[in-house]
Structures are given as C-alpha cells and as structure tokens.
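Listing of query.txt, compact mmCIF, C-alpha atoms
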# COMPACT_ATOMS: atom_id res chain seq x y z
CA THR A 9 94.23 92.64 213.29
CA PHE A 10 96.90 91.78 215.82
CA ASN A 11 99.39 93.68 217.99
CA LEU A 12 103.16 93.40 218.23
CA THR A 13 105.11 94.97 221.09
CA ALA A 14 108.31 96.57 219.85
CA SER A 15 111.70 96.38 221.54
CA ASN A 16 114.19 99.20 221.31
CA THR A 17 117.68 98.77 219.87
CA ASN A 18 118.75 102.23 221.01
CA ALA A 19 117.13 105.29 222.56
CA SER A 20 114.87 105.94 219.56
CA LEU A 21 114.82 102.86 217.31
CA TYR A 22 112.17 100.20 217.94
CA ASN A 23 111.70 96.88 216.11
CA ALA A 24 109.16 94.07 215.88
CA SER A 25 108.88 91.19 213.43
CA VAL A 26 106.34 88.65 212.24
CA SER A 27 106.66 85.64 209.95
CA VAL A 28 105.10 86.03 206.53
CA ALA A 29 104.00 82.38 206.77
CA THR A 30 101.51 83.34 209.50
CA MET A 31 99.81 86.02 207.38
CA ARG A 32 97.30 85.73 204.59
CA ASP A 33 97.81 87.28 201.14
CA GLY A 34 96.49 90.79 200.75
CA ASN A 35 96.93 94.45 201.63
CA TRP A 36 97.95 95.21 205.23
CA THR A 37 98.10 98.40 207.30
CA VAL A 38 100.50 99.03 210.18
CA THR A 39 99.82 101.76 212.74
CA VAL A 40 102.40 102.73 215.37
CA TYR A 41 101.07 103.33 218.87
CA SER A 42 103.66 104.99 221.07
CA ASN A 43 103.31 106.45 224.56
CA ASP A 44 105.61 108.01 227.06
CA THR A 45 105.78 107.74 230.83
CA ALA A 46 103.55 110.81 231.16
CA GLY A 47 100.72 108.99 229.39
CA ASN A 48 100.93 110.85 226.08
CA GLU A 49 100.10 108.63 223.07
CA ASN A 50 100.71 109.06 219.36
CA ASN A 51 98.80 106.76 216.98
CA SER A 52 98.81 109.01 213.89
CA VAL A 53 101.52 107.28 211.86
CA SER A 54 100.62 104.38 209.54
CA THR A 55 102.03 102.58 206.54
CA THR A 56 100.89 99.79 204.26
CA PHE A 57 102.44 96.69 202.73
CA VAL A 58 101.37 93.71 200.64
CA VAL A 59 101.74 90.02 201.41
CA ASP A 60 101.76 88.04 198.17
CA THR A 61 102.82 84.39 198.29
CA THR A 62 100.73 83.17 195.36
CA ALA A 63 102.06 83.15 191.79
CA PRO A 64 99.85 84.24 188.89
CA THR A 65 97.74 81.57 187.24
CA GLN A 66 99.22 79.87 184.20
CA PRO A 67 98.86 82.27 181.25
CA VAL A 68 96.27 81.21 178.67
CA LEU A 69 97.29 81.40 175.01
CA ILE A 70 94.30 82.80 173.12
CA ASN A 71 95.34 82.52 169.46
CA THR A 72 97.99 80.88 167.27
CA THR A 73 96.95 77.54 168.68
CA GLU A 74 98.84 74.26 168.51
CA ALA A 75 99.75 73.13 164.96
CA MET A 76 98.22 76.26 163.37
CA ASN A 77 99.36 77.47 159.93
CA VAL A 78 99.95 81.24 159.82
CA SER A 79 100.38 83.23 156.60
CA ASP A 80 101.46 86.48 158.33
CA THR A 81 105.22 86.63 159.02
CA THR A 82 104.63 89.21 161.78
CA PRO A 83 101.74 87.54 163.59
CA THR A 84 99.82 88.90 166.56
CA PHE A 85 99.97 86.81 169.73
CA SER A 86 97.21 87.04 172.36
CA TRP A 87 97.09 85.81 175.94
CA SER A 88 95.59 86.46 179.36
CA VAL A 89 96.77 85.88 182.93
CA THR A 90 95.14 86.29 186.34
CA ASP A 91 96.72 87.33 189.65
CA SER A 92 95.05 87.72 193.02
CA LEU A 93 96.68 91.08 193.85
CA THR A 94 98.77 92.62 191.05
CA THR A 95 96.97 94.97 188.65
CA THR A 96 99.68 95.10 185.96
CA LEU A 97 101.88 92.10 185.31
CA PHE A 98 104.98 91.91 183.14
CA CYS A 99 105.13 89.15 180.56
CA ASN A 100 107.91 87.79 178.36
CA LEU A 101 107.02 86.51 174.90
CA SER A 102 109.25 83.64 173.82
CA ILE A 103 109.62 82.51 170.21
CA ASP A 104 111.37 79.24 169.48
CA SER A 105 112.05 78.79 173.22
CA ALA A 106 113.99 82.07 173.54
CA VAL A 107 112.72 85.40 174.90
CA ASN A 108 111.77 87.58 171.95
CA VAL A 109 110.13 90.51 173.79
CA SER A 110 110.40 91.13 177.53
CA ALA A 111 108.33 92.99 180.14
CA ILE A 112 105.15 93.45 178.10
CA ASN A 113 102.59 95.31 180.25
CA THR A 114 99.69 92.93 180.80
CA GLN A 115 96.57 93.95 182.69
CA ASN A 116 95.24 91.44 185.18
CA ASN A 117 92.55 89.11 183.77
CA THR A 118 92.51 90.98 180.44
CA VAL A 119 93.44 89.78 176.95
CA THR A 120 96.74 91.29 175.78
CA ASN A 121 97.72 91.44 172.09
CA TYR A 122 101.25 91.84 170.82
CA THR A 123 102.27 92.05 167.15
CA LEU A 124 105.83 91.18 166.20
CA THR A 125 107.82 93.93 164.48
CA THR A 126 110.45 91.61 162.99
CA ALA A 127 109.35 89.01 160.44
CA LEU A 128 109.67 85.34 161.28
CA ALA A 129 111.27 82.95 158.81
CA GLN A 130 109.17 80.49 156.86
CA GLY A 131 108.77 77.17 158.62
CA ASN A 132 108.10 75.72 162.05
CA HIS A 133 108.14 77.81 165.24
CA ASN A 134 106.83 77.75 168.80
CA TRP A 135 105.71 80.39 171.28
CA SER A 136 104.99 80.73 174.98
CA ILE A 137 104.36 83.41 177.62
CA ALA A 138 105.89 83.82 181.10
CA CYS A 139 104.34 86.42 183.45
CA SER A 140 105.48 87.80 186.80
CA ASP A 141 103.61 89.83 189.40
CA SER A 142 104.79 92.77 191.53
CA VAL A 143 106.87 90.52 193.83
CA LEU A 144 108.33 88.60 190.87
CA LEU A 145 106.35 85.42 191.43
CA ALA A 146 106.02 83.95 187.94
CA SER A 147 104.19 81.34 185.91
CA THR A 148 104.68 80.06 182.37
CA SER A 149 102.14 79.03 179.74
CA ILE A 150 102.14 75.88 177.70
CA LEU A 151 104.18 75.92 174.49
CA ASN A 152 102.29 76.08 171.19
CA ASN A 153 103.83 75.03 167.87
CA PHE A 154 102.88 76.83 164.65
CA THR A 155 104.05 77.14 161.05
CA ILE A 156 104.74 80.34 159.12
CA ASP A 157 103.76 79.85 155.49
CA SER A 158 103.27 82.99 153.39
CA VAL A 159 104.19 81.33 150.06
CA VAL A 160 101.23 80.82 147.70
CA PRO A 161 100.84 77.36 146.14
CA ALA A 162 102.24 76.85 142.65
CA VAL A 163 99.61 76.01 139.99
CA THR A 164 100.11 74.60 136.49
CA PHE A 165 97.15 74.03 134.15
CA ASN A 166 97.27 70.63 132.40
CA THR A 167 93.85 70.62 130.70
CA PRO A 168 92.22 72.24 128.92
CA THR A 169 95.05 73.62 126.89
CA ALA A 170 94.66 77.21 125.76
CA ARG A 171 92.00 77.79 123.06
CA TYR A 172 91.02 74.09 122.90
CA ASN A 173 87.60 73.62 121.24
CA TYR A 174 84.78 71.48 122.70
CA THR A 175 81.63 70.28 120.95
CA THR A 176 78.15 69.42 122.24
CA SER A 177 78.85 65.83 123.27
CA GLY A 178 82.16 66.47 125.00
CA THR A 179 83.01 66.58 128.69
CA ILE A 180 85.38 69.26 129.82
CA VAL A 181 87.89 67.90 132.31
CA LEU A 182 89.71 70.56 134.28
CA ASN A 183 93.07 69.34 135.50
CA ALA A 184 95.84 71.20 137.29
CA THR A 185 99.01 70.37 139.18
CA VAL A 186 99.12 72.13 142.53
CA SER A 187 102.10 72.06 144.87
CA ASN A 188 103.37 73.97 147.88
CA VAL A 189 107.11 74.44 148.24
CA SER A 190 106.67 75.36 151.91
CA GLY A 191 105.53 71.83 152.66
CA THR A 192 102.15 72.93 154.06
CA ALA A 193 99.33 70.67 152.89
CA ILE A 194 97.02 71.89 150.11
CA HIS A 195 93.62 72.56 151.66
CA THR A 196 91.21 73.28 148.78
CA VAL A 197 91.43 73.63 145.01
CA ILE A 198 88.55 75.36 143.21
CA PHE A 199 88.16 75.94 139.47
CA GLN A 200 86.19 79.11 138.74
CA VAL A 201 84.64 78.97 135.27
CA GLY A 202 83.28 82.12 133.66
CA ASN A 203 81.61 83.41 130.50
CA GLY A 204 79.67 86.49 131.55
CA THR A 205 78.54 84.56 134.63
CA THR A 206 80.74 82.35 136.76
CA PHE A 207 80.42 79.11 138.71
CA ASN A 208 82.81 77.17 140.89
CA LEU A 209 83.88 73.54 140.75
CA THR A 210 85.65 72.00 143.73
CA ALA A 211 88.45 69.74 142.56
CA SER A 212 89.37 66.34 143.93
CA ASN A 213 92.95 65.12 144.01
CA THR A 214 94.09 61.97 142.25
CA ASN A 215 97.50 62.09 143.90
CA ALA A 216 99.46 64.46 146.11
CA SER A 217 99.58 67.23 143.47
CA LEU A 218 97.07 66.44 140.66
CA TYR A 219 93.54 67.87 140.92
CA ASN A 220 90.53 67.27 138.64
CA ALA A 221 87.01 68.59 138.15
CA SER A 222 84.53 68.16 135.32
As structure tokens - that is how I would like this structure written.
Amino acid sequence: TFNLTASNTNASLYNASVSVATMRDGNWTVTVYSNDTAGNENNSVSTTFVVDTTAPTQPVLINTTEAMNVSDTTPTFSWSVTDSLTTTLFCNLSIDSAVNVSAINTQNNTVTNYTLTTALAQGNHNWSIACSDSVLLASTSILNNFTIDSVVPAVTFNTPTARYNYTTSGTIVLNATVSNVSGTAIHTVIFQVGNGTTFNLTASNTNASLYNAS
C-alpha cells in the first residue's frame, strides 16, 4: 500500500499518476480520501484495476504430436496454457501457418479440445496455438507437423490363388502386394486364416510392397 497526493486541474478534478514499472503484477484497489477545510473526510469511494506485465506461458500442444499420422480428416486438437492472472484466455488455432479458428475460449491451466468442422486435405499439414490474456499479452506454441491419411492401403493377393489345392507335404505361402497411394509407410500386414477357428500370421516384407507369411 502507498499513498499518492492528487493535484487539481480545475475546481473539482484531481489527478495523480504512478508508473506501472514500479508496481507488481496483480489486483489493486484504489481508495479516494478527500477532506475539506472544515475537516470533513470522505473515504467511501474505491475502485480496482489489474497490473499485468507478464505474458501467458507458451501453450503446450497435447495431441497430434510431431510427425504423427492422422486418419481423421477433421481431427481434434488439444492444448493447455497458463497465465498468472487471466481466468479465460483467447486462443487462435493455426493450420498450415494460417489462422483457422480465432478466439477460442481457453480456461487457464486447463486442457482445451477443439474439433475441426471442415475436412483437411490428404497430405502434410502443421498446426500451432497462439493465446492472449485479458491485456492482449500473447504467446505462441511450437509448430507440430502431421499427415492426414484416411486412404486404406491397397491389397492384392498373389498366392494362394483362389481354390488352389494343397496336400499333406506342402507348405502354404501367403503372399500379397500391399501399397499405399497416400505415401504413408505400411505399418503391419497380418494374414488371418480361418476354417471354423482362426489364427493370425504376421507377414514380413521382401521389398517395399511384397509381403509373405507361411
């Protein structure tokens, strides 16, 4: 608490000033003490203000991490941000380095989720978040790259051919060509074999698109 003596600019208007640089961040209260030459004092009028010179912390991107493959063309993005004073921050979601959605209400130190309403094209994208507090101090997250790939891999059976017969001494080689037109790498190929009951065989690749199991 400190006192400032006001000076009058006319018969009823009084001013005082203080540099923000000398005050700490937080909520402040100002009470006016006024007295007249007869000794009467009024100290019943107060107001409040906020000093905020500190930007929010850098927003943290929770999901859709760097180099992630996403099969949903309208993905959900999640983030959190912390500010020392502001309860509700406003955040801009940028896709491919351009603001896609602005002023998303984001509660302080709480995970916020936002699902796109317009589908993204297949291929490579990036996203980031920029958040501002009540006095428009802002901070920006890192930029994460991700790939939209909702196209299923193409599969062609090579062997066995349909209705091929095997005898007791034979080995059944399962062979298929698997490719992905999106360019995303094939992760796993499994042959599921069934005749009343089923079992799985994990295939190994002999080249970029040919997979075998036996």
Could you state the separation of atom CA of A:Tyr219 and atom CA of A:Val197 in Å, given to one decimal place? 7.4 Å
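For the choices A:Val53, A:Ile137, A:Val58, A:Ala63, the atom-to-atom distance to A:Ser86 is smallest for A:Ile137 when using all atoms listed in the file.
Interatomic distance, atom CA of A:Asn188 against atom CA of A:Asp104: 23.6 Å.
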Mind dumping a table of every stretch 52-131 of chain A residue within 9 Å of stretch 10-33 of chain A, with the nearest atom pair and its distance in Å to one decimal, using all atoms listed in the file, sorted by chain and rising number, as a tab-separated table?
residue	atom	partner	partner_atom	distance
A:Val58	CA	A:Asp33	CA	7.4
A:Val59	CA	A:Asp33	CA	4.8
A:Asp60	CA	A:Asp33	CA	5.0
A:Thr61	CA	A:Asp33	CA	6.4
A:Thr62	CA	A:Asp33	CA	7.7
A:Ser92	CA	A:Asp33	CA	8.6
A:Leu93	CA	A:Asp33	CA	8.3
Neighbours of A:Thr65 within 8 Å (all atoms listed in the file; same-chain residues fewer than 6 positions away dropped), as a short mmCIF file (atom, residue, chain, number, x, y, z; two decimals) with C-alpha atoms, keeping the file's coordinate frame?
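See selection_29.cif below for the written result:
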data_model
loop_
_atom_site.label_atom_id
_atom_site.label_comp_id
_atom_site.auth_asym_id
_atom_site.auth_seq_id
_atom_site.Cartn_x
_atom_site.Cartn_y
_atom_site.Cartn_z
CA VAL A 89 96.77 85.88 182.93
CA THR A 90 95.14 86.29 186.34
CA ASP A 91 96.72 87.33 189.65
CA SER A 147 104.19 81.34 185.91
#
Do a neighbour search on A:Asn132 at 8 Å with all atoms listed in the file, toss out local chain neighbours closer than 6 positions, and write the hits as a PDB file with C-alpha atoms, keeping the file's coordinate frame.
ATOM      1  CA  ASN A 153     103.830  75.030 167.870  1.00  0.00           C
ATOM      2  CA  PHE A 154     102.880  76.830 164.650  1.00  0.00           C
ATOM      3  CA  THR A 155     104.050  77.140 161.050  1.00  0.00           C
ATOM      4  CA  ILE A 156     104.740  80.340 159.120  1.00  0.00           C
TER       5      ILE A 156
END
Find the distance between atom CA of A:Cys139 and atom CA of A:Leu97 and write it in Å to one decimal. 6.5 Å
Could you check the closest approach to A:Thr94 for each of A:Leu144, A:Val160, A:Leu151, A:Val38 and tell me which residue wins, using all atoms listed in the file? A:Leu144
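Among the candidate residues A:Ser222, A:Val159, A:Ala216, A:Thr45, the one lying nearest to A:Gly178 is A:Ser222, with distances computed using all atoms listed in the file.
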Compare A:Phe207, A:Phe98, A:Tyr172, A:Trp87 by their minimum atom-to-atom distance to A:Asn117, counting all atoms listed in the file, and give me the closest one. A:Trp87
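Using only C-alpha atoms, the shortest contact distance between A:Val186 and any of A:Ala46, A:Leu128, A:Ala162, A:Ile112 is found at A:Ala162.
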Polymer residues at most 9 Å from A:Tyr41, all atoms listed in the file, same-chain spacing of 6 or more positions, as a PyMOL selection string: chain A and resi 49-53
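Minimum atom-to-atom distance to A:Ile70, evaluated using all atoms listed in the file, belongs to A:Ser149 out of A:Ser110, A:Thr169, A:Asn35, A:Ser149.
Near A:Thr37, within 8 Å and counting all atoms listed in the file, sit Ser54, Thr55, Thr56 and Phe57 of chain A, not including residues fewer than 3 positions from it in the same chain.
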Can I get stretch 27-39 of chain A with N, CA and C atoms filled in, as a PDB file, keeping the file's coordinate frame?
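Saved to out.pdb:
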ATOM      1  N   SER A  27     106.402  86.531 211.081  1.00  0.00           N
ATOM      2  CA  SER A  27     106.660  85.640 209.950  1.00  0.00           C
ATOM      3  C   SER A  27     105.591  85.799 208.871  1.00  0.00           C
ATOM      4  N   VAL A  28     106.040  85.930 207.645  1.00  0.00           N
ATOM      5  CA  VAL A  28     105.100  86.030 206.530  1.00  0.00           C
ATOM      6  C   VAL A  28     104.207  84.792 206.462  1.00  0.00           C
ATOM      7  N   ALA A  29     104.752  83.634 206.858  1.00  0.00           N
ATOM      8  CA  ALA A  29     104.000  82.380 206.770  1.00  0.00           C
ATOM      9  C   ALA A  29     102.740  82.394 207.627  1.00  0.00           C
ATOM     10  N   THR A  30     102.679  83.283 208.623  1.00  0.00           N
ATOM     11  CA  THR A  30     101.510  83.340 209.500  1.00  0.00           C
ATOM     12  C   THR A  30     100.453  84.314 208.996  1.00  0.00           C
ATOM     13  N   MET A  31     100.702  84.974 207.863  1.00  0.00           N
ATOM     14  CA  MET A  31      99.810  86.020 207.380  1.00  0.00           C
ATOM     15  C   MET A  31      99.185  85.621 206.047  1.00  0.00           C
ATOM     16  N   ARG A  32      97.961  86.026 205.848  1.00  0.00           N
ATOM     17  CA  ARG A  32      97.300  85.730 204.590  1.00  0.00           C
ATOM     18  C   ARG A  32      97.678  86.754 203.528  1.00  0.00           C
ATOM     19  N   ASP A  33      97.531  86.360 202.242  1.00  0.00           N
ATOM     20  CA  ASP A  33      97.810  87.280 201.140  1.00  0.00           C
ATOM     21  C   ASP A  33      96.839  88.454 201.166  1.00  0.00           C
ATOM     22  N   GLY A  34      97.359  89.625 200.842  1.00  0.00           N
ATOM     23  CA  GLY A  34      96.490  90.790 200.750  1.00  0.00           C
ATOM     24  C   GLY A  34      97.197  92.053 201.166  1.00  0.00           C
ATOM     25  N   ASN A  35      96.429  93.138 201.237  1.00  0.00           N
ATOM     26  CA  ASN A  35      96.930  94.450 201.630  1.00  0.00           C
ATOM     27  C   ASN A  35      96.824  94.611 203.144  1.00  0.00           C
ATOM     28  N   TRP A  36      97.889  95.048 203.781  1.00  0.00           N
ATOM     29  CA  TRP A  36      97.950  95.210 205.230  1.00  0.00           C
ATOM     30  C   TRP A  36      98.300  96.649 205.584  1.00  0.00           C
ATOM     31  N   THR A  37      97.792  97.071 206.750  1.00  0.00           N
ATOM     32  CA  THR A  37      98.100  98.400 207.300  1.00  0.00           C
ATOM     33  C   THR A  37      98.754  98.238 208.664  1.00  0.00           C
ATOM     34  N   VAL A  38      99.813  99.003 208.892  1.00  0.00           N
ATOM     35  CA  VAL A  38     100.500  99.030 210.180  1.00  0.00           C
ATOM     36  C   VAL A  38     100.376 100.423 210.781  1.00  0.00           C
ATOM     37  N   THR A  39      99.889 100.496 212.005  1.00  0.00           N
ATOM     38  CA  THR A  39      99.820 101.760 212.740  1.00  0.00           C
ATOM     39  C   THR A  39     100.709 101.664 213.970  1.00  0.00           C
TER      40      THR A  39
END
